[in-house]
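Below is the file start_12.txt, which contains compact mmCIF, C-alpha atoms.
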# COMPACT_ATOMS: atom_id res chain seq x y z
CA GLY X 1 79.68 141.16 127.20
CA LYS X 2 77.92 141.19 123.83
CA PHE X 3 79.66 140.00 120.71
CA ASP X 4 78.90 139.86 117.02
CA ILE X 5 80.59 138.34 113.97
CA SER X 6 79.55 138.92 110.38
CA LEU X 7 80.70 138.36 106.81
CA GLY X 8 80.26 140.85 103.99
CA GLN X 9 81.82 142.80 101.13
CA ILE X 10 81.33 146.22 102.75
CA GLN X 11 84.13 147.53 104.95
CA ALA X 12 82.86 148.43 108.41
CA ARG X 13 83.68 151.89 109.69
CA ASN X 14 84.58 151.18 113.30
CA PRO X 15 84.85 147.42 113.93
CA VAL X 16 86.90 146.07 116.78
CA ARG X 17 88.71 143.95 114.22
CA GLN X 18 88.24 142.94 110.62
CA ASP X 19 90.07 140.50 108.38
CA VAL X 20 89.91 139.79 104.67
CA ILE X 21 89.21 136.05 104.48
CA ALA X 22 88.57 135.65 100.73
CA LEU X 23 88.51 137.65 97.52
CA ASP X 24 86.10 138.00 94.64
CA ALA X 25 85.83 140.49 91.78
CA ILE X 26 83.31 142.16 89.50
CA VAL X 27 83.92 140.95 85.93
CA PRO X 28 82.31 141.85 82.57
CA ILE X 29 81.54 138.67 80.62
CA VAL X 30 80.49 137.64 77.11
CA ALA X 31 79.53 134.36 75.46
CA PRO X 32 82.26 132.02 74.15
CA ASP X 33 80.90 132.73 70.64
CA ASN X 34 81.44 136.49 70.99
CA PRO X 35 84.64 137.43 69.08
CA ARG X 36 85.47 140.35 71.37
CA ALA X 37 88.24 139.40 73.81
CA MET X 38 89.11 142.94 74.91
CA VAL X 39 87.61 146.43 75.01
CA THR X 40 88.90 149.78 76.19
CA GLN X 41 87.40 151.45 79.25
CA ALA X 42 85.68 153.97 76.97
CA GLN X 43 84.17 151.17 74.88
CA LEU X 44 82.92 149.31 77.97
CA SER X 45 81.38 152.52 79.33
CA ALA X 46 79.58 153.04 76.02
CA LEU X 47 78.26 149.45 76.16
CA LEU X 48 77.06 149.83 79.74
CA SER X 49 75.33 153.14 79.04
CA GLY X 50 73.63 151.95 75.87
CA ARG X 51 75.45 154.49 73.69
CA THR X 52 76.93 151.48 71.88
CA SER X 53 73.90 149.30 71.23
CA ASN X 54 75.22 146.98 68.52
CA TRP X 55 78.37 144.84 68.48
CA LEU X 56 78.93 145.86 64.86
CA VAL X 57 80.24 149.23 66.11
CA LEU X 58 83.14 147.36 67.77
CA GLY X 59 83.89 145.16 64.77
CA GLY X 60 81.74 142.29 65.97
CA PRO X 61 78.59 140.66 64.55
CA ASP X 62 75.55 142.70 63.58
CA LEU X 63 73.72 141.97 66.83
CA PRO X 64 72.10 144.33 69.36
CA VAL X 65 73.89 144.35 72.74
CA ASP X 66 71.83 142.42 75.30
CA LEU X 67 72.92 143.83 78.68
CA HIS X 68 72.63 141.87 81.95
CA LEU X 69 73.58 143.55 85.24
CA LEU X 70 74.05 142.10 88.71
CA ASP X 71 72.22 144.12 91.37
CA GLY X 72 74.55 145.95 93.75
CA THR X 73 77.52 146.24 91.37
CA GLY X 74 76.90 149.83 90.30
CA GLN X 75 79.14 151.43 92.93
CA ILE X 76 82.25 149.42 92.12
CA LEU X 77 81.58 149.68 88.36
CA ARG X 78 81.86 153.47 88.73
CA ARG X 79 85.62 153.00 88.44
CA TRP X 80 85.01 152.18 84.78
CA HIS X 81 81.65 153.83 84.08
CA ALA X 82 80.66 157.08 85.78
CA GLY X 83 77.38 157.64 83.90
CA ARG X 84 73.94 156.05 83.91
CA PHE X 85 73.36 152.46 82.87
CA GLY X 86 71.31 151.56 79.83
CA ASP X 87 68.35 149.20 79.63
CA ALA X 88 69.36 145.89 81.16
CA VAL X 89 68.06 142.64 82.53
CA ARG X 90 68.81 142.89 86.25
CA SER X 91 69.15 140.06 88.71
CA ASP X 92 70.54 139.36 92.17
CA VAL X 93 71.50 135.80 91.11
CA PRO X 94 74.92 135.97 89.39
CA ALA X 95 74.83 132.35 88.23
CA ALA X 96 71.61 133.03 86.32
CA ILE X 97 73.24 136.01 84.57
CA ALA X 98 76.31 133.93 83.67
CA ASP X 99 74.15 131.15 82.21
CA ALA X 100 72.11 133.60 80.14
CA VAL X 101 75.22 135.37 78.80
CA ALA X 102 77.04 132.12 77.97
CA ALA X 103 74.11 131.06 75.76
CA ASP X 104 73.71 134.39 73.93
CA PRO X 105 76.41 135.72 71.51
CA ALA X 106 74.78 139.17 71.73
CA ALA X 107 74.94 139.37 75.53
CA LEU X 108 77.18 141.42 77.80
CA GLY X 109 76.93 140.68 81.51
CA VAL X 110 78.45 141.75 84.81
CA VAL X 111 78.92 139.07 87.48
CA THR X 112 81.33 138.06 90.20
CA PHE X 113 84.48 136.11 89.32
CA SER X 114 83.33 133.19 91.48
CA THR X 115 80.20 132.75 89.33
CA ILE X 116 81.50 133.18 85.74
CA GLY X 117 80.52 129.61 84.85
CA ASN X 118 80.70 128.94 81.09
CA ALA X 119 80.90 132.62 80.10
CA VAL X 120 84.16 134.32 79.12
CA PRO X 121 85.71 137.29 81.00
CA LEU X 122 86.02 140.41 78.86
CA VAL X 123 89.43 142.06 79.31
CA VAL X 124 89.26 145.83 79.83
CA GLY X 125 92.23 147.99 78.84
CA GLY X 126 93.10 151.62 79.40
CA SER X 127 93.68 154.36 76.86
CA CYS X 128 97.44 153.80 77.12
CA GLY X 129 97.12 150.14 76.10
CA LEU X 130 97.68 148.53 79.53
CA ALA X 131 95.21 145.84 80.58
CA ILE X 132 94.90 143.51 83.58
CA PRO X 133 92.79 140.37 83.00
CA ALA X 134 90.75 138.86 85.82
CA THR X 135 92.60 135.73 86.96
CA ARG X 136 93.12 134.11 90.35
CA ASP X 137 96.65 135.51 90.52
CA THR X 138 95.69 139.08 89.56
CA ILE X 139 92.77 139.07 92.01
CA ARG X 140 94.83 137.51 94.80
CA ALA X 141 97.52 140.16 94.29
CA GLU X 142 94.82 142.89 94.07
CA ASP X 143 96.16 143.88 90.65
CA TYR X 144 92.76 143.49 89.00
CA PRO X 145 91.00 146.82 89.63
CA LEU X 146 87.50 145.56 90.53
CA THR X 147 88.62 143.16 93.27
CA GLN X 148 86.13 142.78 96.13
CA PRO X 149 87.34 141.54 99.52
CA LEU X 150 85.09 139.39 101.69
CA PHE X 151 85.46 140.80 105.21
CA MET X 152 85.03 139.02 108.51
CA GLN X 153 84.05 141.66 111.05
CA ARG X 154 84.02 141.30 114.82
CA ILE X 155 82.27 143.56 117.29
CA GLY X 156 82.87 142.91 120.95
CA ALA X 157 86.22 142.24 122.57
CA ARG X 158 85.27 139.10 124.50
CA GLN X 159 83.99 136.21 122.43
CA PRO X 160 83.20 132.59 123.34
CA LYS X 161 85.68 129.84 122.49
CA LEU X 162 83.58 128.57 119.58
CA VAL X 163 83.84 131.98 117.86
CA ARG X 164 87.57 132.29 118.66
CA ASP X 165 88.18 128.84 117.16
CA PHE X 166 86.22 129.78 114.01
CA ILE X 167 88.22 132.99 113.62
CA ALA X 168 91.49 131.07 113.95
CA TYR X 169 90.31 128.49 111.43
CA VAL X 170 89.28 130.91 108.66
CA ARG X 171 92.74 132.50 108.83
CA SER X 172 94.51 129.12 108.66
CA PRO X 173 96.07 127.46 105.58
CA ASP X 174 93.54 124.59 105.87
CA ALA X 175 90.63 127.01 105.40
CA GLN X 176 92.09 128.39 102.18
CA ARG X 177 91.42 125.09 100.38
CA VAL X 178 87.78 125.24 101.47
CA ILE X 179 87.49 128.87 100.31
CA GLU X 180 88.92 127.97 96.90
CA ALA X 181 86.48 125.06 96.56
CA THR X 182 83.54 127.45 97.00
CA GLY X 183 84.66 129.48 93.97
CA TYR X 184 86.14 132.41 95.85
CA VAL X 185 89.79 133.38 95.45
CA ASP X 186 91.66 132.15 98.51
CA GLN X 187 94.25 134.06 100.50
CA ALA X 188 97.05 131.50 100.28
CA ILE X 189 100.37 133.17 99.44
CA GLY X 190 101.44 131.89 96.03
CA ARG X 191 104.53 132.55 93.94
CA ILE X 192 104.74 133.90 90.40
CA GLY X 193 108.08 133.21 88.71
CA PHE X 194 109.80 135.90 86.67
CA ASP X 195 109.24 133.80 83.54
CA ARG X 196 105.48 134.36 84.01
CA GLN X 197 105.84 138.15 84.15
CA GLY X 198 106.20 138.71 80.42
CA ASP X 199 103.09 140.89 80.04
CA ARG X 200 104.10 143.12 82.92
CA ILE X 201 107.64 143.57 81.61
CA ALA X 202 106.25 144.34 78.16
CA ASN X 203 104.04 146.99 79.78
CA ALA X 204 107.10 148.52 81.45
CA VAL X 205 108.98 148.72 78.14
CA LEU X 206 105.90 150.19 76.44
CA ALA X 207 105.50 152.84 79.14
CA ALA X 208 109.20 153.80 79.02
CA GLY X 209 109.04 154.43 75.29
CA GLU X 210 112.14 156.22 73.97
CA ASP X 211 112.91 158.01 77.25
CA ILE X 212 116.54 157.15 78.05
CA GLU X 213 116.24 157.49 81.85
CA ALA X 214 113.00 155.52 81.96
CA SER X 215 114.52 152.75 79.82
CA ARG X 216 117.54 152.59 82.13
CA ALA X 217 115.21 152.24 85.14
CA VAL X 218 113.41 149.33 83.44
CA ARG X 219 116.73 147.60 82.72
CA ASP X 220 117.82 148.04 86.35
CA MET X 221 114.50 146.63 87.55
CA VAL X 222 114.66 143.60 85.24
CA GLY X 223 118.22 142.88 86.36
CA ALA X 224 117.17 143.02 90.02
CA LEU X 225 114.07 140.82 89.65
CA LEU X 226 115.35 138.32 87.09
CA ASN X 227 115.93 135.39 89.46
CA ARG X 228 113.20 136.13 91.99
CA ASP X 229 109.57 135.10 92.48
CA ARG X 230 106.78 137.55 93.16
CA LEU X 231 104.46 136.68 96.06
CA THR X 232 100.73 137.02 95.41
CA LEU X 233 100.06 139.70 97.95
CA THR X 234 100.39 143.42 97.38
CA PHE X 235 100.19 146.42 99.67
CA ARG X 236 98.25 149.47 98.53
CA PHE X 237 97.31 152.73 100.15
CA GLN X 238 94.16 154.73 100.78
CA ASP X 239 93.47 157.59 98.38
CA GLY X 240 95.81 160.53 98.99
CA SER X 241 97.35 158.88 102.03
CA SER X 242 100.28 156.80 103.21
CA GLU X 243 97.84 154.69 105.25
CA LEU X 244 97.36 151.11 104.04
CA ASP X 245 93.90 150.11 102.81
CA ALA X 246 91.89 147.45 104.65
CA GLN X 247 93.04 144.52 102.52
CA SER X 248 96.68 145.54 102.93
CA GLU X 249 96.28 145.76 106.71
CA SER X 250 95.06 142.18 106.58
CA ASN X 251 98.04 141.28 104.35
CA ILE X 252 100.41 142.46 107.10
CA ARG X 253 99.01 139.76 109.37
CA ARG X 254 98.94 137.15 106.57
CA LEU X 255 102.59 137.64 105.68
CA SER X 256 103.87 137.88 109.25
CA ASP X 257 101.90 134.74 110.22
CA ALA X 258 103.47 132.87 107.28
CA VAL X 259 106.94 134.04 108.28
CA ASN X 260 106.34 132.97 111.89
CA ARG X 261 105.17 129.53 110.67
CA GLY X 262 108.54 129.08 108.98
CA GLU X 263 107.33 129.27 105.36
CA PHE X 264 110.18 131.62 104.40
CA ASP X 265 113.00 130.38 106.66
CA ASP X 266 116.48 131.14 105.30
CA SER X 267 115.00 133.32 102.54
CA MET X 268 115.28 136.97 101.59
CA LEU X 269 112.04 138.93 101.28
CA TYR X 270 112.26 142.02 99.10
CA PHE X 271 109.71 144.79 99.68
CA ILE X 272 109.67 146.67 96.39
CA GLY X 273 107.98 150.04 96.06
CA PHE X 274 106.33 151.35 92.90
CA SER X 275 104.54 154.62 92.18
CA ASP X 276 102.23 156.15 89.62
CA GLY X 277 103.74 158.29 86.85
CA VAL X 278 102.42 161.64 88.05
CA GLY X 279 105.15 164.11 89.00
CA PRO X 280 108.95 164.00 88.65
CA ALA X 281 110.58 160.56 88.43
CA ASP X 282 113.07 161.20 91.25
CA GLY X 283 110.26 162.22 93.63
CA ASN X 284 108.28 159.11 92.72
CA GLN X 285 111.37 157.00 93.38
CA ARG X 286 111.76 158.46 96.89
CA LEU X 287 108.06 158.11 97.68
CA SER X 288 107.94 154.48 96.53
CA ARG X 289 110.94 153.72 98.75
CA ARG X 290 109.35 155.37 101.80
CA ARG X 291 106.23 153.30 101.35
CA ALA X 292 108.23 150.09 100.96
CA LEU X 293 110.10 150.92 104.18
CA SER X 294 106.83 151.48 106.04
CA VAL X 295 105.45 148.10 104.91
CA ARG X 296 108.64 146.29 105.89
CA ARG X 297 108.54 147.90 109.35
CA ALA X 298 104.90 146.89 109.80
CA VAL X 299 105.60 143.24 108.89
CA ALA X 300 108.81 143.09 110.95
CA ALA X 301 106.93 144.35 114.03
CA HIS X 302 104.84 141.13 113.98
CA VAL X 303 107.69 138.71 113.23
CA GLU X 304 109.16 136.75 116.13
CA ASN X 305 112.86 135.96 115.64
CA ALA X 306 112.37 134.17 112.32
CA PRO X 307 115.47 133.38 110.20
CA VAL X 308 114.27 135.65 107.38
CA ALA X 309 116.04 138.68 105.96
CA MET X 310 113.99 141.64 104.74
CA LYS X 311 115.29 144.17 102.25
CA VAL X 312 113.76 147.25 100.63
CA GLU X 313 114.09 148.32 97.00
CA ALA X 314 112.17 150.84 94.91
CA PHE X 315 111.67 151.43 91.20
CA GLY X 316 109.22 154.34 91.18
CA GLU X 317 107.11 154.43 88.03
CA ALA X 318 109.10 151.75 86.14
CA LEU X 319 106.41 149.02 86.24
CA PRO X 320 102.90 150.45 85.71
CA MET X 321 99.95 148.10 86.13
CA ALA X 322 97.35 150.47 84.68
CA CYS X 323 97.08 153.79 82.87
CA ASP X 324 97.62 156.93 84.94
CA ASP X 325 94.74 158.82 83.31
CA THR X 326 92.18 157.55 85.85
CA ALA X 327 92.12 157.73 89.66
CA TRP X 328 91.87 153.96 90.08
CA GLY X 329 94.72 153.44 87.58
CA ARG X 330 96.99 155.67 89.64
CA GLN X 331 95.94 153.87 92.81
CA VAL X 332 96.71 150.47 91.28
CA ASN X 333 100.19 151.72 90.35
CA ARG X 334 100.96 153.03 93.86
CA ARG X 335 101.89 149.78 95.57
CA VAL X 336 104.48 147.70 97.40
CA GLU X 337 105.10 144.19 96.06
CA VAL X 338 106.87 141.37 97.90
CA TRP X 339 109.36 139.20 96.04

Is it possible to express this structure as structure tokens?
Amino acid sequence: GKFDISLGQIQARNPVRQDVIALDAIVPIVAPDNPRAMVTQAQLSALLSGRTSNWLVLGGPDLPVDLHLLDGTGQILRRWHAGRFGDAVRSDVPAAIADAVAADPAALGVVTFSTIGNAVPLVVGGSCGLAIPATRDTIRAEDYPLTQPLFMQRIGARQPKLVRDFIAYVRSPDAQRVIEATGYVDQAIGRIGFDRQGDRIANAVLAAGEDIEASRAVRDMVGALLNRDRLTLTFRFQDGSSELDAQSESNIRRLSDAVNRGEFDDSMLYFIGFSDGVGPADGNQRLSRRRALSVRRAVAAHVENAPVAMKVEAFGEALPMACDDTAWGRQVNRRVEVW
């Protein structure tokens, strides 16, 4: 029979099988000499549209904004900018954009994370003050909102041994080192200690404000997570659905394969559900727990008698990753983490 295998950043509609083999992200960048380290979503949108045409408006130098855009990034940038783009230098070579931006204090560019080069990522925050910088950990955990998976897609059920061996290799731990060396973010499962979660805990306290029940939920969450490590894979769901998105479906296989290889022998894995802040807190708590249960069941179905315990916990809206005033912010907050 016929077979086909391809790599790309566009999710196929009806493939026989697809896996996420690497990650990248769309990142706004500035020159090292540009004093702006962070902008709000509204400020970035104004810069991209040309409504803000001078850095002086944002407290920077009196320089006109020199915009550089990577071809093909418009669709994913719609999460931050729904309008038309202003006059820009356009290119399909991200490294060329990064080099031009790094040398020009007036420049603002959009490139992929793997091609930032000597430029500096511009952190984008929401109206509520929450911000997620583009780092390997935030991209690997799919916390950064403009993450782009690199899919391997297979069409045709019967494939020659050479193709089967290649498929097995790209999913192996050995391949992750090669993927990292190319500049992409690999799919190795890392650990983030609680002592490296300071920004996220600060966000939780900020979001709780003076609400007594919300503050109690944050204290309960901190007490539960204090001596644990977060794994760098996260499960998220399709819009308006309890169905996992494509990257999360791939994460089911990644985690279960790691468990079957013995990487978590004699450990406890905690599947912890979180929700957005829309609706009553008790309903969000129940929904986040149901989603955590569904992820645990999906992973357990692929695990073969491994000495690993799996437990479910849920903290509803206690740990927001992004502001709830945008659709993508709410989607980022609706997740199941593994600790």

When you look at region 28-30 of chain X with a cut-off of 10 Å (counting all atoms listed in the file), what residues show up, excluding the ones that are within fewer than 6 positions of it in the same chain? I need them as a PDB file with C-alpha atoms, in the coordinates of the input.
ATOM      1  CA  ARG X  36      85.470 140.350  71.370  1.00  0.00           C
ATOM      2  CA  ALA X  37      88.240 139.400  73.810  1.00  0.00           C
ATOM      3  CA  LEU X  44      82.920 149.310  77.970  1.00  0.00           C
ATOM      4  CA  LEU X  48      77.060 149.830  79.740  1.00  0.00           C
ATOM      5  CA  LEU X  67      72.920 143.830  78.680  1.00  0.00           C
ATOM      6  CA  HIS X  68      72.630 141.870  81.950  1.00  0.00           C
ATOM      7  CA  LEU X  69      73.580 143.550  85.240  1.00  0.00           C
ATOM      8  CA  LEU X  77      81.580 149.680  88.360  1.00  0.00           C
ATOM      9  CA  ILE X  97      73.240 136.010  84.570  1.00  0.00           C
ATOM     10  CA  ALA X  98      76.310 133.930  83.670  1.00  0.00           C
ATOM     11  CA  ALA X 100      72.110 133.600  80.140  1.00  0.00           C
ATOM     12  CA  VAL X 101      75.220 135.370  78.800  1.00  0.00           C
ATOM     13  CA  ALA X 102      77.040 132.120  77.970  1.00  0.00           C
ATOM     14  CA  ALA X 103      74.110 131.060  75.760  1.00  0.00           C
ATOM     15  CA  ASP X 104      73.710 134.390  73.930  1.00  0.00           C
ATOM     16  CA  PRO X 105      76.410 135.720  71.510  1.00  0.00           C
ATOM     17  CA  ALA X 106      74.780 139.170  71.730  1.00  0.00           C
ATOM     18  CA  ALA X 107      74.940 139.370  75.530  1.00  0.00           C
ATOM     19  CA  LEU X 108      77.180 141.420  77.800  1.00  0.00           C
ATOM     20  CA  GLY X 109      76.930 140.680  81.510  1.00  0.00           C
ATOM     21  CA  VAL X 110      78.450 141.750  84.810  1.00  0.00           C
ATOM     22  CA  VAL X 111      78.920 139.070  87.480  1.00  0.00           C
ATOM     23  CA  THR X 112      81.330 138.060  90.200  1.00  0.00           C
ATOM     24  CA  PHE X 113      84.480 136.110  89.320  1.00  0.00           C
ATOM     25  CA  ILE X 116      81.500 133.180  85.740  1.00  0.00           C
ATOM     26  CA  ASN X 118      80.700 128.940  81.090  1.00  0.00           C
ATOM     27  CA  ALA X 119      80.900 132.620  80.100  1.00  0.00           C
ATOM     28  CA  VAL X 120      84.160 134.320  79.120  1.00  0.00           C
ATOM     29  CA  PRO X 121      85.710 137.290  81.000  1.00  0.00           C
ATOM     30  CA  LEU X 122      86.020 140.410  78.860  1.00  0.00           C
ATOM     31  CA  VAL X 123      89.430 142.060  79.310  1.00  0.00           C
ATOM     32  CA  VAL X 124      89.260 145.830  79.830  1.00  0.00           C
ATOM     33  CA  ALA X 134      90.750 138.860  85.820  1.00  0.00           C
TER      34      ALA X 134
END

Next on the checklist: Calculated over only C-alpha atoms, which of the candidates X:Asp282, X:Asp24, X:Asp87, X:Glu142 has the smallest distance to Gly50 (chain X)?
Outcome noted: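 Closest residue, counting only C-alpha atoms: X:Asp87.
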
Checklist entry - So which one's closest to Arg191 (chain X), X:Phe151, X:Val338, X:Val93, X:Val222? Using only C-alpha atoms, please. => result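 Nearest candidate to Arg191 (chain X) out of X:Phe151, X:Val338, X:Val93, X:Val222: X:Val338.
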
With region 173-176 of chain X as the partner and 12 Å as the cut-off, tabulate the residues of region 21-131 of chain X that qualify, each row holding the nearest pair of atoms and their distance in Å to one decimal, using only C-alpha atoms, sorted by chain and rising number, as CSV.
residue,atom,partner,partner_atom,distance
X:Ile21,CA,X:Gln176,CA,8.5
X:Ala22,CA,X:Gln176,CA,8.2
X:Leu23,CA,X:Gln176,CA,11.0

Listed atoms of region 36-40 of chain X, axis-aligned box, 6 Å per side: centre and edge lengths to one decimal in Å, as lines of an AutoDock Vina configuration file?
center_x = 87.3
center_y = 144.6
center_z = 73.8
size_x = 15.6
size_y = 22.4
size_z = 16.8

Checklist entry - If you count all atoms listed in the file, which residues fall within 8 Å of region 314-325 of chain X, apart from same-chain ones fewer than 6 positions away, as a PyMOL selection string? => result chain X and resi 126-132+143+200-201+203-204+207-208+214+217-218+221+272-278+281-282+284-289+292+332-333

Write the residues of the preceding selection, restricted to C-alpha atoms, as an mmCIF file, keeping the file's coordinate frame.
data_model
loop_
_atom_site.group_PDB
_atom_site.id
_atom_site.type_symbol
_atom_site.label_atom_id
_atom_site.label_comp_id
_atom_site.auth_asym_id
_atom_site.auth_seq_id
_atom_site.Cartn_x
_atom_site.Cartn_y
_atom_site.Cartn_z
ATOM 1 C CA GLY X 126 93.100 151.620 79.400
ATOM 2 C CA SER X 127 93.680 154.360 76.860
ATOM 3 C CA CYS X 128 97.440 153.800 77.120
ATOM 4 C CA GLY X 129 97.120 150.140 76.100
ATOM 5 C CA LEU X 130 97.680 148.530 79.530
ATOM 6 C CA ALA X 131 95.210 145.840 80.580
ATOM 7 C CA ILE X 132 94.900 143.510 83.580
ATOM 8 C CA ASP X 143 96.160 143.880 90.650
ATOM 9 C CA ARG X 200 104.100 143.120 82.920
ATOM 10 C CA ILE X 201 107.640 143.570 81.610
ATOM 11 C CA ASN X 203 104.040 146.990 79.780
ATOM 12 C CA ALA X 204 107.100 148.520 81.450
ATOM 13 C CA ALA X 207 105.500 152.840 79.140
ATOM 14 C CA ALA X 208 109.200 153.800 79.020
ATOM 15 C CA ALA X 214 113.000 155.520 81.960
ATOM 16 C CA ALA X 217 115.210 152.240 85.140
ATOM 17 C CA VAL X 218 113.410 149.330 83.440
ATOM 18 C CA MET X 221 114.500 146.630 87.550
ATOM 19 C CA ILE X 272 109.670 146.670 96.390
ATOM 20 C CA GLY X 273 107.980 150.040 96.060
ATOM 21 C CA PHE X 274 106.330 151.350 92.900
ATOM 22 C CA SER X 275 104.540 154.620 92.180
ATOM 23 C CA ASP X 276 102.230 156.150 89.620
ATOM 24 C CA GLY X 277 103.740 158.290 86.850
ATOM 25 C CA VAL X 278 102.420 161.640 88.050
ATOM 26 C CA ALA X 281 110.580 160.560 88.430
ATOM 27 C CA ASP X 282 113.070 161.200 91.250
ATOM 28 C CA ASN X 284 108.280 159.110 92.720
ATOM 29 C CA GLN X 285 111.370 157.000 93.380
ATOM 30 C CA ARG X 286 111.760 158.460 96.890
ATOM 31 C CA LEU X 287 108.060 158.110 97.680
ATOM 32 C CA SER X 288 107.940 154.480 96.530
ATOM 33 C CA ARG X 289 110.940 153.720 98.750
ATOM 34 C CA ALA X 292 108.230 150.090 100.960
ATOM 35 C CA VAL X 332 96.710 150.470 91.280
ATOM 36 C CA ASN X 333 100.190 151.720 90.350
#

Item to check | Among listed residues X:Met152, X:Val312, X:Leu293, X:Ile167, nearest Ala224 (chain X) (using only C-alpha atoms) | outcome: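 Among X:Met152, X:Val312, X:Leu293, X:Ile167, it is X:Val312 that comes nearest to Ala224 (chain X).
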
Next on the checklist: Can you pull out the residues contacting Gln238 (chain X)? Cut-off 10 Å, using all atoms listed in the file, and skip same-chain residues under 6 positions away; I want them as a list in words.
Outcome noted: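 Close residues of Gln238 (chain X): Leu244, Asp245, Ala246, Ser248, Gln331 and Arg334 of chain X.
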
Checklist entry - If we count all atoms listed in the file, what is near region 257-268 of chain X at a cut-off of 9 Å, once residues fewer than 3 positions away on the same chain are taken out, given as number ranges by chain? => result X: 189, 252-254, 302-311, 339

Next on the checklist: Rounded to one decimal, what separation in Å do you get between CA of Trp328 (chain X) and CA of Asp71 (chain X)?
Outcome noted: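 Between CA of Trp328 (chain X) and CA of Asp71 (chain X) the gap is 22.0 Å.
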
Checklist entry - Quick one, how far is CA of Gly117 (chain X) from CA of Thr73 (chain X)? => result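 Straight-line distance from CA of Gly117 (chain X) to CA of Thr73 (chain X) works out to 18.1 Å.
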
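CA of Gly86 (chain X) to CA of Val65 (chain X) spans 10.4 Å [interatomic distance, one decimal].
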
Checklist entry - What's the 12 Å shell around Ala82 (chain X), counting only C-alpha atoms, without same-chain residues fewer than 3 positions away, as an NGL selection string? => result :X and (41-42 or 44-46 or 48-49 or 74-79 or 85 or 326)

Checklist entry - Taking only C-alpha atoms into account, which of X:Asp186, X:Asp211, X:Asp33, X:Asp99 comes nearest Ile139 (chain X)? => result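 Looking at the shortest contact to Ile139 (chain X), the residue is X:Asp186.
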
Checklist outcome for this item: With distances taken over only C-alpha atoms, the candidate from X:Pro94, X:Gly72, X:Pro133, X:Gly223 nearest Asp199 (chain X) is X:Pro133
